[in-house]
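Dumped structure.cif below, it's mmCIF, C-alpha atoms and all ligand atoms:
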```
data_my_file
loop_
_atom_site.label_atom_id
_atom_site.label_comp_id
_atom_site.auth_asym_id
_atom_site.auth_seq_id
_atom_site.Cartn_x
_atom_site.Cartn_y
_atom_site.Cartn_z
CA MET A 1 -26.86 -13.80 -28.77
CA ASP A 2 -28.51 -10.69 -27.43
CA THR A 3 -25.43 -8.59 -26.87
CA ASN A 4 -27.22 -5.50 -25.64
CA LYS A 5 -28.88 -7.53 -22.94
CA ASP A 6 -25.50 -8.94 -21.93
CA ARG A 7 -24.13 -5.42 -21.62
CA SER A 8 -27.24 -3.86 -20.16
CA LYS A 9 -25.79 -3.36 -16.68
CA ILE A 10 -22.42 -1.91 -17.75
CA SER A 11 -23.68 1.68 -17.65
CA ASP A 12 -24.52 1.27 -13.96
CA SER A 13 -20.83 0.74 -13.17
CA LYS A 14 -19.69 3.19 -10.52
CA ARG A 15 -16.16 2.02 -9.73
CA ILE A 16 -14.06 1.45 -12.85
CA VAL A 17 -10.51 0.12 -13.21
CA ILE A 18 -8.85 1.06 -16.50
CA LYS A 19 -5.64 -0.69 -17.56
CA ILE A 20 -3.34 0.64 -20.26
CA GLY A 21 -0.19 -1.05 -21.52
CA THR A 22 3.21 0.13 -22.70
CA THR A 23 2.45 -0.30 -26.42
CA SER A 24 -0.56 2.00 -26.07
CA LEU A 25 1.48 4.61 -24.20
CA THR A 26 4.45 4.76 -26.56
CA TYR A 27 5.11 5.08 -30.28
CA ASP A 28 6.92 2.32 -32.20
CA ASN A 29 10.12 4.37 -31.85
CA GLY A 30 9.85 4.09 -28.06
CA HIS A 31 8.93 7.72 -27.36
CA VAL A 32 5.91 8.62 -25.23
CA ASN A 33 2.59 9.01 -27.06
CA LEU A 34 1.49 12.25 -25.41
CA ASN A 35 -1.54 12.52 -27.66
CA ARG A 36 -2.94 9.21 -26.41
CA ILE A 37 -2.19 9.98 -22.76
CA GLY A 38 -3.88 13.36 -23.23
CA HIS A 39 -7.04 11.71 -24.55
CA LEU A 40 -7.03 9.03 -21.85
CA THR A 41 -6.62 11.47 -18.98
CA ARG A 42 -9.33 13.75 -20.36
CA VAL A 43 -11.80 10.85 -20.57
CA ILE A 44 -10.95 9.82 -17.00
CA CYS A 45 -11.44 13.38 -15.70
CA ASP A 46 -14.78 13.51 -17.49
CA LEU A 47 -15.85 10.20 -15.92
CA MET A 48 -14.92 11.59 -12.51
CA ASN A 49 -17.12 14.61 -13.28
CA ARG A 50 -19.95 12.20 -14.09
CA GLY A 51 -19.62 10.78 -10.59
CA LYS A 52 -17.67 7.65 -11.44
CA GLU A 53 -14.68 6.46 -9.42
CA VAL A 54 -11.70 5.59 -11.61
CA ILE A 55 -8.50 3.71 -10.86
CA LEU A 56 -5.84 3.68 -13.57
CA VAL A 57 -3.47 0.72 -13.82
CA THR A 58 -0.60 1.76 -16.01
CA SER A 59 2.44 0.06 -17.47
CA GLY A 60 5.23 1.94 -19.16
CA ALA A 61 7.78 2.35 -16.38
CA ILE A 62 10.42 0.16 -17.98
CA GLY A 63 9.64 1.24 -21.55
CA ILE A 64 9.74 4.95 -20.76
CA GLY A 65 12.87 4.46 -18.63
CA VAL A 66 14.60 2.75 -21.53
CA ASP A 67 13.71 5.69 -23.76
CA LYS A 68 14.77 8.31 -21.25
CA LEU A 69 18.08 6.56 -20.60
CA LYS A 70 18.58 6.23 -24.38
CA LEU A 71 19.24 2.50 -24.04
CA SER A 72 19.21 0.42 -27.22
CA GLY A 73 16.51 -1.87 -25.82
CA ARG A 74 15.06 -3.39 -22.66
CA PRO A 75 17.95 -4.38 -20.36
CA ALA A 76 18.57 -8.12 -20.21
CA THR A 77 19.33 -8.18 -16.48
CA LEU A 78 16.82 -7.87 -13.65
CA SER A 79 18.77 -5.01 -12.05
CA GLY A 80 18.91 -3.26 -15.43
CA LYS A 81 15.12 -3.48 -15.78
CA GLN A 82 14.66 -2.34 -12.18
CA ALA A 83 16.89 0.68 -12.77
CA ALA A 84 15.03 1.57 -15.98
CA ALA A 85 11.72 1.25 -14.11
CA ALA A 86 12.94 3.58 -11.35
CA VAL A 87 13.70 6.26 -13.94
CA GLY A 88 10.62 5.59 -16.08
CA GLN A 89 8.07 5.44 -13.26
CA LEU A 90 8.99 8.95 -12.19
CA MET A 91 8.67 10.31 -15.70
CA LEU A 92 5.41 8.42 -16.24
CA MET A 93 3.88 9.93 -13.10
CA ASN A 94 5.20 13.35 -13.99
CA ILE A 95 3.41 13.13 -17.36
CA TYR A 96 0.15 11.93 -15.76
CA GLU A 97 0.34 14.63 -13.09
CA ARG A 98 0.67 17.33 -15.77
CA PHE A 99 -2.23 16.09 -17.86
CA PHE A 100 -4.55 15.46 -14.92
CA SER A 101 -3.74 18.85 -13.37
CA GLU A 102 -5.05 20.54 -16.55
CA PHE A 103 -8.48 19.61 -15.20
CA SER A 104 -7.52 20.06 -11.54
CA GLN A 105 -7.79 16.32 -10.99
CA THR A 106 -5.66 15.06 -8.09
CA VAL A 107 -3.88 11.77 -8.64
CA ALA A 108 -1.98 9.40 -6.37
CA GLN A 109 0.72 6.85 -7.05
CA VAL A 110 0.14 3.34 -5.71
CA LEU A 111 2.95 0.84 -6.30
CA LEU A 112 2.15 -2.75 -5.40
CA THR A 113 4.00 -6.04 -5.14
CA LYS A 114 2.34 -9.44 -4.95
CA ASP A 115 3.37 -10.03 -1.34
CA VAL A 116 1.46 -6.88 -0.33
CA THR A 117 -1.83 -8.10 -1.77
CA ASP A 118 -1.20 -11.72 -0.70
CA GLY A 119 -0.65 -10.87 2.99
CA ALA A 120 -3.89 -10.39 4.95
CA GLU A 121 -2.78 -7.32 6.91
CA SER A 122 -1.01 -5.52 4.08
CA ARG A 123 -3.93 -6.30 1.73
CA HIS A 124 -6.32 -4.81 4.26
CA ASN A 125 -4.16 -1.67 4.47
CA ALA A 126 -4.01 -1.39 0.69
CA ILE A 127 -7.82 -1.68 0.45
CA ASN A 128 -8.24 1.06 3.07
CA THR A 129 -5.85 3.33 1.18
CA PHE A 130 -7.71 2.83 -2.10
CA ASN A 131 -11.05 3.51 -0.42
CA GLU A 132 -9.70 6.62 1.27
CA LEU A 133 -8.29 7.98 -2.00
CA LEU A 134 -11.51 7.30 -3.91
CA ALA A 135 -13.60 8.90 -1.16
CA MET A 136 -11.40 12.01 -1.52
CA GLY A 137 -12.05 12.13 -5.27
CA VAL A 138 -8.50 11.15 -6.16
CA VAL A 139 -7.57 8.96 -9.14
CA PRO A 140 -5.15 6.26 -7.90
CA ILE A 141 -2.54 5.43 -10.55
CA VAL A 142 -1.26 1.91 -9.98
CA ASN A 143 1.75 0.01 -11.24
CA GLU A 144 3.77 -2.88 -9.98
CA ASN A 145 6.71 -1.70 -7.88
CA ASP A 146 9.13 -2.88 -10.55
CA THR A 147 12.18 -1.37 -8.89
CA VAL A 148 12.01 -3.82 -5.99
CA ALA A 149 9.88 -6.63 -7.44
CA VAL A 150 11.78 -9.84 -8.07
CA ASP A 151 10.30 -13.06 -9.45
CA GLU A 152 9.11 -14.36 -6.07
CA ILE A 153 6.96 -11.29 -5.40
CA LYS A 154 5.91 -10.46 -8.97
CA TYR A 155 2.40 -10.45 -10.38
CA GLY A 156 3.90 -11.31 -13.74
CA ASP A 157 2.03 -8.78 -15.85
CA ASN A 158 -0.13 -5.73 -15.43
CA ASP A 159 -3.21 -7.42 -16.89
CA TYR A 160 -3.20 -9.72 -13.89
CA LEU A 161 -2.41 -6.77 -11.61
CA SER A 162 -5.45 -4.93 -12.99
CA TYR A 163 -7.66 -7.91 -12.07
CA ILE A 164 -6.15 -7.97 -8.55
CA VAL A 165 -6.82 -4.23 -8.17
CA ALA A 166 -10.39 -4.58 -9.48
CA LYS A 167 -11.07 -7.39 -7.02
CA LEU A 168 -9.35 -5.63 -4.14
CA THR A 169 -11.39 -2.48 -4.64
CA ASP A 170 -14.65 -4.30 -5.36
CA ALA A 171 -14.87 -2.58 -8.74
CA ASP A 172 -17.89 -2.89 -11.02
CA LEU A 173 -16.00 -2.78 -14.30
CA LEU A 174 -12.48 -3.57 -15.54
CA ILE A 175 -11.49 -2.12 -18.92
CA ILE A 176 -8.28 -3.48 -20.43
CA LEU A 177 -7.13 -1.23 -23.26
CA SER A 178 -5.09 -3.11 -25.83
CA ASP A 179 -3.64 -2.49 -29.28
CA ILE A 180 -6.22 -4.72 -30.97
CA ASP A 181 -10.01 -4.53 -31.04
CA GLY A 182 -10.61 -7.39 -28.63
CA PHE A 183 -10.46 -11.17 -28.41
CA TYR A 184 -10.73 -13.00 -31.74
CA ASP A 185 -11.52 -16.64 -32.41
CA LYS A 186 -8.25 -16.85 -34.38
CA ASN A 187 -5.18 -14.69 -34.75
CA PRO A 188 -6.49 -11.76 -36.83
CA GLN A 189 -3.01 -11.03 -38.15
CA GLN A 190 -2.78 -14.46 -39.72
CA ASN A 191 -6.42 -15.16 -40.51
CA LYS A 192 -8.46 -12.72 -42.57
CA ASP A 193 -11.65 -14.52 -41.53
CA ALA A 194 -10.95 -14.13 -37.79
CA ILE A 195 -14.09 -13.08 -35.94
CA LEU A 196 -14.08 -10.65 -33.02
CA LEU A 197 -15.85 -12.28 -30.07
CA HIS A 198 -18.09 -9.55 -28.70
CA THR A 199 -19.47 -11.47 -25.73
CA ILE A 200 -17.97 -14.15 -23.50
CA THR A 201 -20.31 -15.87 -21.06
CA ASP A 202 -18.33 -19.10 -20.63
CA LEU A 203 -15.96 -18.14 -17.84
CA SER A 204 -14.29 -21.53 -17.54
CA GLU A 205 -10.55 -21.96 -18.02
CA GLU A 206 -11.50 -23.76 -21.21
CA ILE A 207 -11.79 -20.50 -23.16
CA GLU A 208 -8.11 -19.85 -22.54
CA LYS A 209 -7.20 -23.35 -23.66
CA ASN A 210 -9.46 -23.23 -26.69
CA ALA A 211 -7.90 -20.00 -27.70
CA GLY A 212 -4.42 -21.13 -26.79
CA GLY A 213 -3.80 -23.44 -29.72
CA SER A 214 -1.70 -22.42 -32.69
CA GLY A 215 -3.20 -19.84 -35.00
CA THR A 216 -4.98 -17.96 -32.26
CA SER A 217 -4.53 -14.43 -31.09
CA LEU A 218 -2.99 -15.48 -27.83
CA GLY A 219 0.59 -15.28 -28.87
CA THR A 220 0.18 -11.74 -30.16
CA GLY A 221 -0.25 -8.60 -28.18
CA GLY A 222 -0.30 -10.56 -24.94
CA MET A 223 -3.93 -11.61 -25.50
CA LEU A 224 -3.62 -14.63 -23.21
CA THR A 225 -2.91 -12.50 -20.13
CA LYS A 226 -5.80 -10.19 -21.04
CA VAL A 227 -8.25 -13.04 -21.46
CA HIS A 228 -7.00 -14.64 -18.24
CA ALA A 229 -7.41 -11.41 -16.24
CA SER A 230 -10.82 -10.67 -17.78
CA ARG A 231 -12.11 -14.17 -17.12
CA LEU A 232 -11.00 -14.06 -13.49
CA ALA A 233 -12.57 -10.62 -13.03
CA ALA A 234 -15.91 -11.73 -14.52
CA ALA A 235 -15.82 -14.90 -12.41
CA SER A 236 -15.51 -12.56 -9.39
CA GLY A 237 -18.62 -10.63 -10.43
CA ILE A 238 -16.86 -7.78 -12.24
CA PHE A 239 -17.68 -6.83 -15.84
CA ALA A 240 -14.48 -7.01 -17.90
CA VAL A 241 -13.96 -5.54 -21.37
CA ILE A 242 -10.94 -5.86 -23.65
CA ALA A 243 -11.00 -3.01 -26.16
CA ASN A 244 -8.72 -1.07 -28.48
CA GLY A 245 -7.10 1.83 -26.62
CA GLU A 246 -6.01 3.59 -29.80
CA LYS A 247 -8.85 6.01 -29.17
CA PRO A 248 -9.44 6.16 -25.40
CA GLU A 249 -12.91 7.61 -26.11
CA VAL A 250 -13.88 3.96 -26.67
CA ILE A 251 -14.46 4.01 -22.90
CA TYR A 252 -17.59 6.12 -23.54
CA ASP A 253 -18.84 3.53 -26.04
CA ILE A 254 -18.28 0.77 -23.47
CA LEU A 255 -20.27 2.68 -20.85
CA ASP A 256 -22.97 3.41 -23.45
CA GLU A 257 -23.23 -0.39 -23.89
CA LYS A 258 -22.24 -0.23 -27.56
CA GLU A 259 -20.94 -3.41 -29.16
CA VAL A 260 -17.22 -2.60 -28.94
CA GLY A 261 -14.44 -4.89 -27.81
CA THR A 262 -15.00 -8.17 -26.00
CA VAL A 263 -17.11 -8.18 -22.86
CA PHE A 264 -16.81 -10.93 -20.24
CA VAL A 265 -20.18 -11.05 -18.53
CA PRO A 266 -20.34 -12.03 -14.84
CA GLU A 267 -23.15 -14.36 -13.89
CA ASN A 268 -24.67 -11.94 -11.36
CA LYS A 269 -25.04 -9.24 -14.05
CA ARG A 270 -26.90 -11.28 -16.68
N1 LIG B 301 5.15 -2.90 -14.72
C1 LIG B 301 5.74 -2.92 -16.04
C2 LIG B 301 6.14 -1.50 -16.45
O1 LIG B 301 5.57 -0.54 -15.95
C3 LIG B 301 4.80 -3.47 -17.09
C4 LIG B 301 4.30 -4.85 -16.89
C5 LIG B 301 3.27 -5.23 -17.96
O2 LIG B 301 3.04 -4.45 -18.88
O3 LIG B 301 2.68 -6.28 -17.89
O4 LIG B 301 7.00 -1.35 -17.28
#
```
Is it possible to express this structure as structure tokens?
Ligand code: GLU
Amino acid sequence: MDTNKDRSKISDSKRIVIKIGTTSLTYDNGHVNLNRIGHLTRVICDLMNRGKEVILVTSGAIGIGVDKLKLSGRPATLSGKQAAAAVGQLMLMNIYERFFSEFSQTVAQVLLTKDVTDGAESRHNAINTFNELLAMGVVPIVNENDTVAVDEIKYGDNDYLSYIVAKLTDADLLIILSDIDGFYDKNPQQNKDAILLHTITDLSEEIEKNAGGSGTSLGTGGMLTKVHASRLAAASGIFAVIANGEKPEVIYDILDEKEVGTVFVPENKR
């Protein structure tokens, strides 16, 4: 397969949604990985300087709240998780604000719940707000509003939220930063011969099912939700890439159309 051809329109992407998860934002001991956040924010500021528009979808509210509150682990109760998120979201934004302000980059907090983007009027208002922020050169930083979200109004996970945001904002590219290199044909932790799938052009639900059997990567690192979100984004005409966020500079490689991570190629960009 001619991978470069499949990626040949990625560099044209103007509006980019970048999603980063809790495991990429924290160390194994639960503390915040400031080094990684520093690299990520620097790359985003540089992309803004290049003339791109960037929206960051970030997790970490609950994880960072748990750490700040010195809890032994994630609370079992809904209200416990909501309380941890209320503490953690503030700290998360405080950290982003500090890093982004090093380069005089203004950021905004956008907290969403599923009912907001499901309802026609509230969705319309959310779209207008995003467009206004981007037109002002601001980087919107999005998370689910975990403090008030209950099951009925939850997206479920931030991978799905990142797809919703990409679709809502008519983005050109969705980058989901993970803790593994991309989507493998088998679970790479259990199979030494697992092959990284660089290009996905079959956007049918089948790829999730095929990959969903035992011995696949889906059970680890939340790959299923990443593949699901990426597939839906590509089916909506948005390039989607799952890549390793260990070094956020991988975003440059993606935009340079290098063969990193797994790209889901929309039909209109082939
Ligand atoms: N919104 C959650 C948080 O900030 C994360 C959800 C997810 O990672 O899927 O803690």
Discussion item. Which residue is closest to A:Leu133? Choose from A:Glu53, A:Asp202, A:Asp256, A:Asp179 and count all atoms listed in the file.
Written reply: A:Glu53
Fill in: Option closest in space to A:Lys114, from A:Glu97, A:Glu144, A:Glu132, A:Glu205 [counting only C-alpha atoms]
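Checking each candidate against A:Lys114, we get A:Glu144 as the closest.
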Worksheet item: Between atom O2 of ligand LIG 301 (chain B) and atom CA of A:Ala229, what is the spacing in Å?
Response: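 Distance reported for this atom pair: 12.8 Å.
Taking atom CA of A:Thr58 and atom CA of A:Leu34 as the two end points, the separation is 14.2 Å.
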Item to complete: Considering all atoms listed in the file, return as a ChimeraX atom specification whatever protein or nucleic-acid residues lie within 12 Å of A:Lys9, sequence-local ones (same chain, fewer than 6 positions apart) excluded.
Response: /A:3,172-173,237-240,254-258,263,265-270
Discussion item. Ranking A:Thr117, A:Asn158, A:Ser8, A:Thr23 by minimum distance to ligand LIG 301 (chain B) and counting only C-alpha atoms and all ligand atoms, which one comes first?
Written reply: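 Smallest separation from ligand LIG 301 (chain B) among the options: A:Asn158.
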Discussion item. Hey, which residues sit close to ligand LIG 301 (chain B)? Say within 8 Å, counting only C-alpha atoms and all ligand atoms, and write them as a count of residues only.
Written reply: 21
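Across the model, the gap from atom CA of A:Leu111 to atom CA of A:Val57 is 9.9 Å.
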Worksheet item: Do you know which residues are at most 6 Å from A:Val107 counting all atoms listed in the file, after dropping those on the same chain fewer than 3 positions away, and could you put them as a VMD selection string?
Response: chain A and resid 138 to 140
Go ahead and dump the residues you just picked, C-alpha atoms, as a PDB file, in the coordinates of the input.
```
ATOM      1  CA  VAL A 138      -8.500  11.150  -6.160  1.00  0.00           C
ATOM      2  CA  VAL A 139      -7.570   8.960  -9.140  1.00  0.00           C
ATOM      3  CA  PRO A 140      -5.150   6.260  -7.900  1.00  0.00           C
TER       4      PRO A 140
END
```
Discussion item. Can you tell me which residues surround A:Gly30 at a distance of at most 7 Å, considering all atoms listed in the file, apart from same-chain residues fewer than 3 positions away, and format the answer as a list in words?
Written reply: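 Here the qualifying residues turn out to be Thr26, Tyr27 and Asp67 of chain A.
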Practice prompt. Might you pull out every residue within 7 Å of A:Ile242, with only C-alpha atoms counted and same-chain residues fewer than 6 positions away left off, and present them as a PyMOL selection string?
Written response: chain A and resi 175-178+182+261-263
Discussion item. Given all atoms listed in the file as the basis, pick out the residue of A:Val43, A:Leu78, A:Leu161, A:Gly51 nearest to A:Phe103.
Written reply: A:Val43
Item to complete: Skip A:Glu152 itself and residues of its chain fewer than 3 positions away, then list as an NGL selection string all residues within 9 Å of it, counting all atoms listed in the file.
Response: :A and (114-115 or 149 or 155)
Fill in: Point (-16.4, -5.1, -3.2) neighbourhood (10 Å, only C-alpha atoms) written as a PyMOL selection string
chain A and resi 15+127+166-172+236-238
Discussion item. Please determine, counting all atoms listed in the file, which residue among A:Glu121, A:Ala243, A:Val32, A:Ile55 has the shortest atom-to-atom distance to A:Leu134.
Written reply: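 Checking each of A:Glu121, A:Ala243, A:Val32, A:Ile55 against A:Leu134, counting all atoms listed in the file, the winner is A:Ile55.
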Around all listed atoms of stretch 118-134 of chain A, padded 6 Å per side, what centre and edge lengths does the axis-aligned box have in Å to one decimal, as JSON?
```
{"center_x": -6.1, "center_y": -1.9, "center_z": 1.5, "size_x": 22.9, "size_y": 31.7, "size_z": 22.8}
```
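Between A:Ala84 and the candidates A:Asp118, A:Ser24, A:Ser104, A:Val148, the tightest atom-to-atom separation, counting all atoms listed in the file, involves A:Val148.
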Fill in: Selection as a PyMOL selection string: residues within 10 Å of (4.3, 10.7, -13.9), counting all atoms listed in the file
chain A and resi 61+88-99+107-109+141
